[in-house]
Amino acid sequence: MIREGSVFRYGDNVDTDVIIPARYLNTSDAKELASHCMEDIDSDFVKNVREGDIIVAGRNFGCGSSREHAPLAIKTAGVSCVIATSFARIFYRNSINIGLPILECEEASREIKAGDKVKVDFTSGKITDLTSGKEYQAEPFPPFMQDLINAGGLAAYMKENY
Amino acid sequence: MNMTEKILAHGAGLSEVHPGQLIMANLDMVLGNDITSPVAIREFPKFGKSHVFDKNKVALVPDHFVPNKDIKAAEQCACVRAFAKSEEIKNYFEVGRMGIEHALLPEKGLVSAGDIVIGADSHTCTYGALGAFSTGVGSTDMACGMATGKAWFKVPETIKVHLTGKLGKYVTGKDVILTLIGKIGVDGALYKSIEFSGPGVGELSMDDRFTISNMAIEAGGKAGIFPVDEKTLEYLKEAGAKEPKVFVADEDASYCQVIDMDLSDVELTVSYPHLPENTHAVKDSSSISIDQVVIGSCTNGRISDMRAAAEILKGRKVAEGVRCIIIPATQKIWKEAMDEGLFNIFIDAGAVVSTPTCGPCLGGYMGILAEGERCVSTTNRNFVGRMGHVKSEVYLASPYTAAASAVTGHITDPKDLEEVDR
């Protein structure tokens, strides 16, 4: 699977409260959640994001709450992939479980600039910055995680295996 | 093996496990609240099971936006209530019998030592205080747990925190965990378990341990586990928990990092906005004026926290221009505080006492901050916009520090109050 989009850049420790503030958690409607995605750190995000765009951030992306509403809001807003140096563990699990592609790559997280056009190959983990012409290789998923993704998420995997 | 590995190996039916290994573990309890359960209930049918795996091993605790704060919150609670009824969930806790989930489950004896617990709430790591492996997950994992009684885990590496010494006056578990987070950072334990050990453990009350385990997630941790001692066993017995499974770390257990911490050196600590790792000494923070104080939450809403607040507020007044909101975490704690006369102290001081709710901690309701306002809070997070306006600020501290700050209107070391009184 290959996706291409423009980059939105954020720093370290982007927490779930800014991805989707709790004041909107009185609903679990994905479209409504997406309409408030990132608004406390980037009020223009929802207005500017286009289908396929990519978020690039630093360390510990998605720290804080266990709310699955966070990856769901990002996915529903049209984001095709989040690239970060590292992810908070619950956000990591949730993203895999709901099918939001995430990639860990420190070099890419450091160098890719806001607004760059980036191409991501999820099968190989290859990240290409089309603006700078530079290529990066993300950490591969462990085989079990790959099985989960290939099965189409946790529910499908568990149904097949348990 | 260390404690984390022993508990996970037992739960996965394996003789041993190693960090990095992926395992499928059997669950002793699956927890959800009014925010996360509706999503899990929506996902539940996708797992192809007609009913929950065990109606005694699912706990549904509407606590975040209850008593219902608005119509949408009411609809979410109605969804959880209907599911609990149709699935005959034994551990569903309605308003009037509920409490903040992580104070409630231990109090009701629903978690025992050696258990494996997942909860669709990040502070599920609280039960590490009881010698359990418990960790926060999302709603899909919760749905999976309810349907199959299982969860996948990557066996984490473990950090050992070796505790010695004894806490000083007014210094609590909150100051210990804030100090630790300040030291290792908000991702210092990312993907890892934290195990506490050493002679200092025995000096900590169960409430101190709950507070410490509760905030392991604020260092990115998967769990924050205490060894089981006499205090643990007494607590479990009193709560009516099932027979504890006591796992003790081997002498030669391996850890990825060892941190020595002398409890005698821990100072009264406050975390400045907007990260829990941004720690400072309370005594160096007196120039910061405040508008609100919140004493409560899954971190610090227990009876000893109420007593600490009362010790400070007794015979004193909340400063002019400060709102002081006190929230006992469960109905039992509420009644105990009432019976002990603590509410008289709070009300006479000019504080307000709320029914149990997570409310203000996550900016839900019951104490939202306006632009530019500052709050000293005994809660667990001080992220941007956490308690209200994007330009409001939350300072995390213990109940002693929070109550002392309410009295003066600025961040205050409780030891300095005697000076103020004179």
# chains A, B, ... in the order shown; residues from 1 in each chain; ligands from 1
>>> interface_residues(of="chain A", to="chain B", cutoff="10 Å", atoms="only C-alpha atoms", output="number ranges by chain")
A: 13-18, 21-29, 39-41, 59-61, 63-69, 86-95, 97-98, 142-145, 153-160, 162
>>> select_by_dssp(residues="chain A", states="strand (DSSP E or B)", output="mmCIF file with C-alpha atoms, in the first residue's frame")
data_model
loop_
_atom_site.group_PDB
_atom_site.id
_atom_site.type_symbol
_atom_site.label_atom_id
_atom_site.label_comp_id
_atom_site.auth_asym_id
_atom_site.auth_seq_id
_atom_site.Cartn_x
_atom_site.Cartn_y
_atom_site.Cartn_z
ATOM 1 C CA ILE A 2 1.462 3.336 -1.077
ATOM 2 C CA ARG A 3 0.112 6.726 0.005
ATOM 3 C CA GLU A 4 1.181 10.255 -0.757
ATOM 4 C CA GLY A 5 0.363 13.537 0.959
ATOM 5 C CA SER A 6 1.471 16.842 2.447
ATOM 6 C CA VAL A 7 3.080 16.959 5.866
ATOM 7 C CA PHE A 8 1.730 18.550 9.052
ATOM 8 C CA ARG A 9 4.541 18.833 11.603
ATOM 9 C CA ASP A 15 -0.854 14.299 23.919
ATOM 10 C CA ILE A 54 0.671 12.811 6.753
ATOM 11 C CA ILE A 55 1.478 13.861 10.333
ATOM 12 C CA VAL A 56 5.165 13.945 11.307
ATOM 13 C CA ALA A 57 6.043 14.409 14.984
ATOM 14 C CA PHE A 61 3.264 10.862 20.116
ATOM 15 C CA CYS A 63 0.810 10.238 25.262
ATOM 16 C CA CYS A 81 -0.115 7.900 8.236
ATOM 17 C CA VAL A 82 1.629 9.237 11.361
ATOM 18 C CA ILE A 83 5.429 9.172 11.380
ATOM 19 C CA ALA A 84 7.128 9.781 14.752
ATOM 20 C CA PHE A 87 4.602 6.515 20.101
ATOM 21 C CA ILE A 102 1.926 4.501 12.072
ATOM 22 C CA LEU A 103 5.667 4.368 11.452
ATOM 23 C CA GLU A 104 8.595 4.895 13.827
ATOM 24 C CA LYS A 117 5.193 16.104 -0.151
ATOM 25 C CA VAL A 118 5.917 12.637 1.209
ATOM 26 C CA LYS A 119 5.334 9.131 -0.181
ATOM 27 C CA VAL A 120 5.043 6.166 2.194
ATOM 28 C CA ASP A 121 5.216 2.466 1.282
ATOM 29 C CA LYS A 126 10.139 3.127 2.950
ATOM 30 C CA ILE A 127 9.468 6.853 3.383
ATOM 31 C CA THR A 128 10.347 9.205 0.507
ATOM 32 C CA ASP A 129 10.388 12.968 0.938
ATOM 33 C CA GLU A 135 14.671 8.466 1.512
ATOM 34 C CA TYR A 136 14.202 6.920 4.960
ATOM 35 C CA GLN A 137 13.612 3.400 6.280
#
>>> closest_residue(among="B:Gly13, B:Pro276, B:Pro399, B:Gly409", to="Ile181 in chain B", atoms="only C-alpha atoms")
B:Pro276
>>> closest_residue(among="A:Pro101, A:Gly152, A:Gly11, A:Pro140", to="Gly58 in chain A", atoms="only C-alpha atoms")
A:Gly11
>>> residues_around(residues="Gly149 in chain B", least_positions_apart="5", cutoff="6 Å", atoms="only C-alpha atoms", output="PyMOL selection string")
chain B and resi 26-27+53
>>> residues_around(residues="range 101-108 of chain B", least_positions_apart="4", cutoff="6 Å", atoms="only C-alpha atoms", output="ChimeraX atom specification")
/B:61,239,298
>>> atom_distance(atom1="CA of Pro156 in chain B", atom2="CA of Gly182 in chain B")
21.7 Å
>>> atom_distance(atom1="CA of Thr164 in chain B", atom2="CA of Tyr272 in chain B")
26.9 Å
